[in-house]
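**Q** Please read through the structure below; I'll follow up with questions.
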Amino acid sequence: MRDYVVKALAYDGNIRVQAICSTNMVGEAQRRHDTWATASAALGRVMTAATMLAVQLKGEDQLTVTIEGGGPIGAIVVDANAHGDTRGYLSNPHVHFELNKWGKLDVARAVGTEGNLSVIKDLGLKENFTGSVPLVSGEIGDDFTYYLAHSEQVPSAVGVGVLVNPDHSIKASGGFLIQLLPGAPDGVIVQVEKRLSEISNVSQMIDQGLSPEEMLIAIFGEDNVQFLETEDVQFQCRCSREAISNAIVGLGKEEIEAMITEDKGAEATCHFCNEIYQFSEQELRELYQSLIDES
């Protein structure tokens, strides 16, 4: 199944909903960062939720999600934009524990619960929008639900799940996002709460091979969902050799001179995708000369 998010309305337009398949996207992150199973689940859940939030944006808008819960995986950082391009990393990818008492990957233990979830939205304005809330569970879905209700004042339900193979590769990943629109009657709220208490959890739906559309039908019933559009999503990093070159130039003449005389070159690694960029002594001399020419 290809990776994509479907956008829809439910219950006569009173609820905005999305569902996503993110298996390939999370699989690419796992491959690039060599994440172990529990770390994969944590990073994949954040990437999945962040992507659903980002595709609500417009044009070139983008957002960055950071979760720091005090757990052994350290910080999780995910960038996503309105076009479905998402990238992410965590501080320590080699974290895995025994399954928790419910037989699930122990994401909360890996993430920790003593910290915050923050979202920075770059909407092309003079100042970015920033929202931050304390973590409530470390399970990610609950934490995004809390963030949306308290920071953006949108009553929501977020479900995300990642299934990992014994060799740590990604078997399946996906989720859903449910948001009440202004003026939604109390009866609709009761219906949503009832359905969420009755359905299989998101990991089970993913394991059953349900498409994003089928996930929403399973939650609301076929007659209660109006599908609007789909958006392809993918792991996509924005790093480039040019961007790294500009970063080296930004270090200044003294730093570049030290790289030339002491290291005879330079190597830089992108945190988000682990791509390695190498610069020869001659290439550094050219960057150094560009600074002299500008001065």
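Ordering of the structure tokens sets the chain letters (A, B, ...), residue numbers begin anew at 1 in every chain, and ligands are numbered from 1 in the order given.
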So that I can see what lies close to range 275-277 of chain A, please list as a ChimeraX atom specification the residues with an atom at most 10 Å from it, counting only C-alpha atoms and leaving out residues fewer than 2 positions away in the same chain.
**A** /A:32,237,239-241,244-245,266-273,279
**Q** For the residues in that selection, give me C-alpha atoms as a short mmCIF file (atom, residue, chain, number, x, y, z; two decimals), in the first residue's frame.
**A**
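out_38.cif written:
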```cif
data_model
loop_
_atom_site.label_atom_id
_atom_site.label_comp_id
_atom_site.auth_asym_id
_atom_site.auth_seq_id
_atom_site.Cartn_x
_atom_site.Cartn_y
_atom_site.Cartn_z
CA ARG A 32 18.39 5.61 7.85
CA CYS A 237 14.76 15.54 3.81
CA CYS A 239 19.24 18.90 3.29
CA SER A 240 21.57 19.43 0.32
CA ARG A 241 25.24 19.93 -0.42
CA ILE A 244 25.82 22.35 4.07
CA SER A 245 28.23 24.56 2.10
CA ALA A 266 35.50 18.28 6.47
CA GLU A 267 32.61 15.88 6.96
CA ALA A 268 29.07 16.80 7.95
CA THR A 269 26.12 14.52 8.71
CA CYS A 270 22.47 15.58 8.53
CA HIS A 271 20.66 14.79 11.78
CA PHE A 272 17.37 14.18 9.98
CA CYS A 273 18.45 11.70 7.31
CA PHE A 279 34.36 18.35 1.52
#
```
**Q** So which residues of range 104-221 of chain A fall under helix (DSSP H, G or I) by DSSP, listed as number ranges by chain?
**A** A: 107-111, 141-150, 186-198, 202-207, 212-220
**Q** Of the residues A:Ile73, A:Leu180, A:Gly175, A:Asp85, which is the one nearest to Leu210 in chain A, using only C-alpha atoms?
**A**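 When distances to Leu210 in chain A are compared using only C-alpha atoms, the smallest one comes from A:Gly175.
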**Q** Sort by chain and increasing residue number a table of all residues of range 14-130 of chain A within 12 Å of range 199-208 of chain A, each with its closest pair of atoms and their distance in Å to one decimal, counting only C-alpha atoms, and write it as a Markdown table.
**A**
```
| residue | atom | partner | partner_atom | distance |
| --- | --- | --- | --- | --- |
| A:Ala19 | CA | A:Val202 | CA | 10.2 |
| A:Ile20 | CA | A:Ile206 | CA | 9.9 |
| A:Cys21 | CA | A:Ile206 | CA | 8.3 |
| A:Ser22 | CA | A:Ile206 | CA | 10.2 |
| A:Thr23 | CA | A:Ile206 | CA | 9.6 |
| A:Ala41 | CA | A:Ser203 | CA | 10.9 |
| A:Arg45 | CA | A:Ser203 | CA | 10.8 |
| A:Lys104 | CA | A:Ser203 | CA | 9.7 |
| A:Leu105 | CA | A:Ser203 | CA | 11.1 |
```
**Q** Report the distance between CA of Val6 in chain A and CA of Leu53 in chain A in Å, rounded to one decimal place.
**A**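 Atom-to-atom, CA of Val6 in chain A to CA of Leu53 in chain A, that is 12.4 Å.
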**Q** Excluding range 128-130 of chain A and its own-chain neighbours fewer than 5 positions away, which residues fall within 9 Å of it when counting only C-alpha atoms? Please give them as an MDAnalysis selection string.
**A** chainID A and resid 118:123
**Q** If we count only C-alpha atoms and set the cut-off at 8 Å, which residues sit around range 145-158 of chain A, ignoring sequence neighbours fewer than 5 positions away in its own chain? Please answer as a list in words.
**A**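 Contacts, in chain order: Ala49, Leu117, Gly131, Ser132, Val133, Val136, Gly175, Phe176, Leu177, Ile178, Gln179, Leu180 and Leu181 of chain A.
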